[in-house]
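*Asks:* Questions regarding the structure given below will be posed in turn.
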Amino acid sequence: MSDGETADGGDGEPETAETDEAVAAELDEATSTGGEIPEDVPVWDDEYVDRVSDRLMYNFDLERDRSVAGERFVLYGRMDITSQKHFFHPSLNYANHGATEHLFATRRDGASVADVERYVELAHDLAEEWIDADEEHYSTDFTFALVVPRIRDDVREFVSGFKDRTLLKFGYYGHYEVNLVVVAPEEEDIVTSRATDLDSAFALWESPDESESSGLLDRLF
């Protein structure tokens with residue numbers, strides 16, 4: 001018996017068929033300034049967001065100026081991965097599972113704890129609308145990134161201690177998770193919830209391997 005997987009983009013817990021070296025090469029290309037950008041990747045007028053997209057574009061399908069439930073997000077990204085096991089041949093497969101991450105990024109003049117909590121509530125509303133809960137659903141992540149001039153102390157404390165995972169049908173239909181990122185690029189300051197490692201994409205002042213988090217590579221394995 002062998003394990004196999006088909007993937008669109010990449011994600012955390014299910015296995016992937018790509019090697020460490022191949023994914024590392026992709027990330028190096030994504031973070032280099034001279035790399036060729038795929039034709040379907042939007043260009044942002046916001047230089048910071050545009051550079052963040054360079055770190056995301058090989059793992060996420062990206063959109064510009066996405067409106068969701070009356071909220072406008074300067075960047076939206078979606079990453080899907082399908083994991084399966086098979087007997088001898090991929091056509092004889094079983095234990096199929098799907099994992100998805102939705103990333104929403106917005107710029108704000110400032111962010112309070114109440115602002116962050118409002119996005120958490122939005123994530124739960126979207127979970128009810130967007131998730132097809134069944135035996136093949138493994139996980140869905142909703143990650144909200146707020147780009148601000150400065151991170152308030154109470155926001156930093158709230159985000160760093162935040163964790164929100166909801167089991168669907170006692171875990172039989174998988175789970176969904178809400179993740180938070182608040183970043184002040186001009187201050188070279190960032191705080192993320194314990195469940196996310198997207199600081200490696202939003203902390204442009206650090207190379208991916210310098211980040212304290214596991215980074216995008218570990219999300220693929």
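Identifiers for the structure tokens are assigned positionally: chains receive A, B, ... in sequence, residues are indexed from 1 per chain, and ligands are indexed from 1 in the order shown.
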Skip segment 152-164 of chain A itself and residues of its chain fewer than 6 positions away, then list as a VMD selection string all residues within 10 Å of it, counting only C-alpha atoms.
*Replies:* chain A and resid 110 to 117 120 124 176 to 183 190 to 196
*Asks:* Using only C-alpha atoms, which protein or nucleic acid residues come within 12 Å of Phe202 of chain A? Drop anything in the same chain fewer than 6 positions from it, and give the result as a ChimeraX atom specification.
*Replies:* /A:31,48-56,103,105,144-147,180-186,188-192,196,208,211,213,215-216
*Asks:* Would you please extract all helix (DSSP H, G or I) residues from segment 103-160 of chain A, as assigned by DSSP on the backbone, and give them as a VMD selection string?
*Replies:* chain A and resid 113 to 130 153 to 160
*Asks:* Go ahead and save the picked residues with N, CA and C atoms, as an mmCIF file, in the first residue's frame.
*Replies:*
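Output saved as again24.cif:
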```cif
data_model
loop_
_atom_site.group_PDB
_atom_site.id
_atom_site.type_symbol
_atom_site.label_atom_id
_atom_site.label_comp_id
_atom_site.auth_asym_id
_atom_site.auth_seq_id
_atom_site.Cartn_x
_atom_site.Cartn_y
_atom_site.Cartn_z
ATOM 1 N N VAL A 113 -8.732 46.139 19.688
ATOM 2 C CA VAL A 113 -9.153 44.767 19.951
ATOM 3 C C VAL A 113 -10.545 44.534 19.385
ATOM 4 N N ALA A 114 -11.419 45.518 19.486
ATOM 5 C CA ALA A 114 -12.774 45.380 18.947
ATOM 6 C C ALA A 114 -12.741 45.178 17.434
ATOM 7 N N ASP A 115 -11.835 45.864 16.749
ATOM 8 C CA ASP A 115 -11.702 45.684 15.305
ATOM 9 C C ASP A 115 -11.297 44.256 14.966
ATOM 10 N N VAL A 116 -10.329 43.745 15.701
ATOM 11 C CA VAL A 116 -9.852 42.385 15.452
ATOM 12 C C VAL A 116 -10.965 41.375 15.745
ATOM 13 N N GLU A 117 -11.691 41.582 16.832
ATOM 14 C CA GLU A 117 -12.779 40.671 17.185
ATOM 15 C C GLU A 117 -13.862 40.656 16.113
ATOM 16 N N ARG A 118 -14.071 41.790 15.446
ATOM 17 C CA ARG A 118 -15.078 41.849 14.392
ATOM 18 C C ARG A 118 -14.696 40.932 13.234
ATOM 19 N N TYR A 119 -13.408 40.842 12.922
ATOM 20 C CA TYR A 119 -12.972 39.944 11.859
ATOM 21 C C TYR A 119 -13.097 38.480 12.288
ATOM 22 N N VAL A 120 -12.920 38.236 13.568
ATOM 23 C CA VAL A 120 -13.130 36.870 14.064
ATOM 24 C C VAL A 120 -14.591 36.464 13.866
ATOM 25 N N GLU A 121 -15.506 37.366 14.181
ATOM 26 C CA GLU A 121 -16.929 37.079 13.979
ATOM 27 C C GLU A 121 -17.227 36.861 12.495
ATOM 28 N N LEU A 122 -16.585 37.654 11.625
ATOM 29 C CA LEU A 122 -16.781 37.481 10.191
ATOM 30 C C LEU A 122 -16.309 36.096 9.754
ATOM 31 N N ALA A 123 -15.200 35.638 10.311
ATOM 32 C CA ALA A 123 -14.682 34.309 9.963
ATOM 33 C C ALA A 123 -15.704 33.227 10.299
ATOM 34 N N HIS A 124 -16.335 33.324 11.441
ATOM 35 C CA HIS A 124 -17.342 32.323 11.821
ATOM 36 C C HIS A 124 -18.562 32.383 10.896
ATOM 37 N N ASP A 125 -18.937 33.594 10.481
ATOM 38 C CA ASP A 125 -20.044 33.717 9.529
ATOM 39 C C ASP A 125 -19.683 33.076 8.198
ATOM 40 N N LEU A 126 -18.455 33.306 7.728
ATOM 41 C CA LEU A 126 -18.020 32.729 6.456
ATOM 42 C C LEU A 126 -17.917 31.211 6.544
ATOM 43 N N ALA A 127 -17.525 30.718 7.708
ATOM 44 C CA ALA A 127 -17.424 29.265 7.874
ATOM 45 C C ALA A 127 -18.777 28.601 7.643
ATOM 46 N N GLU A 128 -19.841 29.218 8.142
ATOM 47 C CA GLU A 128 -21.175 28.646 7.949
ATOM 48 C C GLU A 128 -21.583 28.669 6.478
ATOM 49 N N GLU A 129 -21.142 29.694 5.742
ATOM 50 C CA GLU A 129 -21.557 29.842 4.348
ATOM 51 C C GLU A 129 -20.661 29.070 3.384
ATOM 52 N N TRP A 130 -19.377 29.009 3.649
ATOM 53 C CA TRP A 130 -18.411 28.545 2.654
ATOM 54 C C TRP A 130 -17.997 27.086 2.814
ATOM 55 N N ASP A 153 -0.537 47.912 22.254
ATOM 56 C CA ASP A 153 -0.138 46.873 23.208
ATOM 57 C C ASP A 153 -1.265 45.895 23.489
ATOM 58 N N ASP A 154 -2.504 46.405 23.620
ATOM 59 C CA ASP A 154 -3.611 45.498 23.920
ATOM 60 C C ASP A 154 -3.920 44.589 22.733
ATOM 61 N N VAL A 155 -3.718 45.102 21.518
ATOM 62 C CA VAL A 155 -3.916 44.274 20.331
ATOM 63 C C VAL A 155 -2.847 43.195 20.263
ATOM 64 N N ARG A 156 -1.611 43.567 20.570
ATOM 65 C CA ARG A 156 -0.524 42.591 20.566
ATOM 66 C C ARG A 156 -0.810 41.454 21.558
ATOM 67 N N GLU A 157 -1.270 41.814 22.735
ATOM 68 C CA GLU A 157 -1.559 40.796 23.750
ATOM 69 C C GLU A 157 -2.704 39.894 23.303
ATOM 70 N N PHE A 158 -3.743 40.502 22.724
ATOM 71 C CA PHE A 158 -4.891 39.715 22.285
ATOM 72 C C PHE A 158 -4.507 38.748 21.170
ATOM 73 N N VAL A 159 -3.809 39.238 20.163
ATOM 74 C CA VAL A 159 -3.475 38.412 18.995
ATOM 75 C C VAL A 159 -2.490 37.308 19.360
ATOM 76 N N SER A 160 -1.482 37.625 20.142
ATOM 77 C CA SER A 160 -0.460 36.628 20.470
ATOM 78 C C SER A 160 -1.034 35.468 21.283
#
```
*Asks:* When you draw a straight line from atom CA of Asp65 of chain A to atom CA of Val43 of chain A, how long is it in Å?
*Replies:* 10.9 Å
*Asks:* A:Arg107, A:Asn59, A:Thr140, A:Tyr76: which is nearest Asp46 of chain A, counting only C-alpha atoms?
*Replies:*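 Answer, going by the shortest atom-to-atom distance: A:Arg107.
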*Asks:* What is the atom CA of Thr100 of chain A-atom CA of Asp61 of chain A distance in Å, reported with one decimal?
*Replies:* 11.4 Å
*Asks:* Between A:His102, A:Asp45, A:Pro149, A:His175, which is the closest to Asp134 of chain A once you count only C-alpha atoms?
*Replies:*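 That would be A:His175, the residue with the smallest distance to Asp134 of chain A.
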*Asks:* May I ask which of the residues A:Asp109, A:Asp199, A:Asp141, A:Glu101 is the closest one to Met79 of chain A, counting only C-alpha atoms?
*Replies:*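 Smallest separation from Met79 of chain A among the options: A:Glu101.
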*Asks:* Between atom CA of Ser67 of chain A and atom CA of Val41 of chain A, what is the distance in Å, rounded to a tenth?
*Replies:*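 Atom CA of Val41 of chain A lies 17.8 Å from atom CA of Ser67 of chain A.
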*Asks:* Identify which of the residues A:Arg165, A:Phe104, A:Trp205, A:Glu136 lies closest to Val68 of chain A, counting only C-alpha atoms when measuring atom-to-atom distances.
*Replies:* A:Phe104
